[in-house]
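Undergrad: One structure, as structure tokens, below. Some questions next.
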Amino acid sequence: MTARTQNTTSRIARFRKLSVAGMATAGVAAAALTLAPSPAQAAPVSANVSALQVAADAPAKKAKKQYADNLDGWIKEALDIMKAEDIPGTYEGLHRNIMRESSGNPNAQNNWDVNAQNGTPSKGLLQVIQPTFDAYHVAGTPHDLTDPVANITAAANYAADKYGSIDNVDSAY
């Protein structure tokens with residue numbers, strides 16, 4: 001065998017060894033990745049995990065529900081608040097009473113009944129007087145007697161206390 005043939009054979013042998021070593025390394029890496037836990041199986045968050053990473057993994061906050069700025073939207077928003085506060089009532093019961101009390105006008109004001117004569121006129125969609133509104137105001141709604149949603153929820157809260165539900169009210173209350 002000539003020196004040139006020996007060098008070529010020696011290079012080929014080294015290349016084979018490197019190739020086998022490279023494939024073995026790649027195989028070990030592949031096996032490690034296969035055996036590594038998925039994010040769903042990963043260990044609990046430790047002190048080494050950054051707050052940014054924890055925030056990125058947290059579920060997105062639910063977007064606030066949007067309501068139409070009209071009688072239908074005010075009733076639907078009030079019903080969602082009432083449900084969260086365990087105040088009974090239905091869309092039909094609220095709508096029926098609103099139409100009787102104010103014809104759907106959130107700025108309606110009664111200036112002629114006994115409450116008005118005593119200096120506390122009833123106001124809003126469900127014609128509530130200020131002391132009743134203050135006593136039955138539902139937290140999370142504006143503290144404004146003529147705010148449509150605040151007026152509905154306070155009146156429904158009052159009706160629930162006095163009559164079991166706004167659905168049970170069929171006349172001035």
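Starting from 1 in every chain, residues are counted up; chains themselves are A, B, ... following the order of the structure tokens, and ligands are numbered from 1 as listed.
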So that I can check the surroundings of Asp134 of chain A, please list as number ranges by chain every protein, DNA and RNA residue that reaches within 12 Å of it, counting only C-alpha atoms and ignoring chain neighbours fewer than 6 positions away.

TA: A: 128, 141-145, 150-151, 153-155, 157-158

Undergrad: Grab the residues selected above and save them as a PDB file, in the first residue's frame with N, CA and C atoms.

TA:
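See part_14.pdb below for the written result:
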```pdb
ATOM      1  N   VAL A 128     -87.892  55.601  40.727  1.00  0.00           N
ATOM      2  CA  VAL A 128     -87.380  55.337  42.070  1.00  0.00           C
ATOM      3  C   VAL A 128     -87.125  56.677  42.766  1.00  0.00           C
ATOM      4  N   THR A 141     -72.563  49.605  40.069  1.00  0.00           N
ATOM      5  CA  THR A 141     -73.303  50.471  39.150  1.00  0.00           C
ATOM      6  C   THR A 141     -73.072  51.910  39.607  1.00  0.00           C
ATOM      7  N   PRO A 142     -73.240  52.878  38.698  1.00  0.00           N
ATOM      8  CA  PRO A 142     -73.045  54.275  39.096  1.00  0.00           C
ATOM      9  C   PRO A 142     -74.012  54.668  40.217  1.00  0.00           C
ATOM     10  N   HIS A 143     -73.536  55.504  41.113  1.00  0.00           N
ATOM     11  CA  HIS A 143     -74.419  55.992  42.186  1.00  0.00           C
ATOM     12  C   HIS A 143     -75.148  57.231  41.651  1.00  0.00           C
ATOM     13  N   ASP A 144     -75.996  56.990  40.652  1.00  0.00           N
ATOM     14  CA  ASP A 144     -76.727  58.048  39.956  1.00  0.00           C
ATOM     15  C   ASP A 144     -78.137  57.536  39.705  1.00  0.00           C
ATOM     16  N   LEU A 145     -79.104  58.153  40.344  1.00  0.00           N
ATOM     17  CA  LEU A 145     -80.499  57.717  40.272  1.00  0.00           C
ATOM     18  C   LEU A 145     -81.029  57.607  38.845  1.00  0.00           C
ATOM     19  N   ALA A 150     -78.228  51.539  36.742  1.00  0.00           N
ATOM     20  CA  ALA A 150     -78.275  51.687  38.207  1.00  0.00           C
ATOM     21  C   ALA A 150     -79.722  51.780  38.678  1.00  0.00           C
ATOM     22  N   ASN A 151     -80.559  52.490  37.934  1.00  0.00           N
ATOM     23  CA  ASN A 151     -81.968  52.645  38.289  1.00  0.00           C
ATOM     24  C   ASN A 151     -82.685  51.296  38.222  1.00  0.00           C
ATOM     25  N   THR A 153     -81.358  48.181  38.361  1.00  0.00           N
ATOM     26  CA  THR A 153     -80.883  47.205  39.353  1.00  0.00           C
ATOM     27  C   THR A 153     -81.331  47.571  40.763  1.00  0.00           C
ATOM     28  N   ALA A 154     -81.324  48.865  41.093  1.00  0.00           N
ATOM     29  CA  ALA A 154     -81.787  49.272  42.423  1.00  0.00           C
ATOM     30  C   ALA A 154     -83.277  48.979  42.577  1.00  0.00           C
ATOM     31  N   ALA A 155     -84.079  49.297  41.550  1.00  0.00           N
ATOM     32  CA  ALA A 155     -85.526  49.037  41.620  1.00  0.00           C
ATOM     33  C   ALA A 155     -85.802  47.540  41.711  1.00  0.00           C
ATOM     34  N   ASN A 157     -83.787  45.295  42.931  1.00  0.00           N
ATOM     35  CA  ASN A 157     -83.330  44.890  44.256  1.00  0.00           C
ATOM     36  C   ASN A 157     -84.405  45.216  45.299  1.00  0.00           C
ATOM     37  N   TYR A 158     -84.989  46.403  45.204  1.00  0.00           N
ATOM     38  CA  TYR A 158     -86.081  46.809  46.093  1.00  0.00           C
ATOM     39  C   TYR A 158     -87.294  45.883  45.912  1.00  0.00           C
TER      40      TYR A 158
END
```

Undergrad: Could you give me, as a count of residues only, the residues within 6 Å of Ser165 of chain A, counting only C-alpha atoms and dropping anything in the same chain fewer than 4 positions from it?

TA: 4

Undergrad: Find, counting only C-alpha atoms, the residue in A:Asn105, A:Ile152, A:Gln117, A:Arg100 that gets nearest to Lys76 of chain A.

TA: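 Closest to Lys76 of chain A, using only C-alpha atoms: A:Ile152.
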
Undergrad: Between atom CA of Gly140 of chain A and atom CA of Ala63 of chain A, what is the spacing in Å?

TA: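 So the two atoms, atom CA of Ala63 of chain A and atom CA of Gly140 of chain A, lie 16.9 Å apart.
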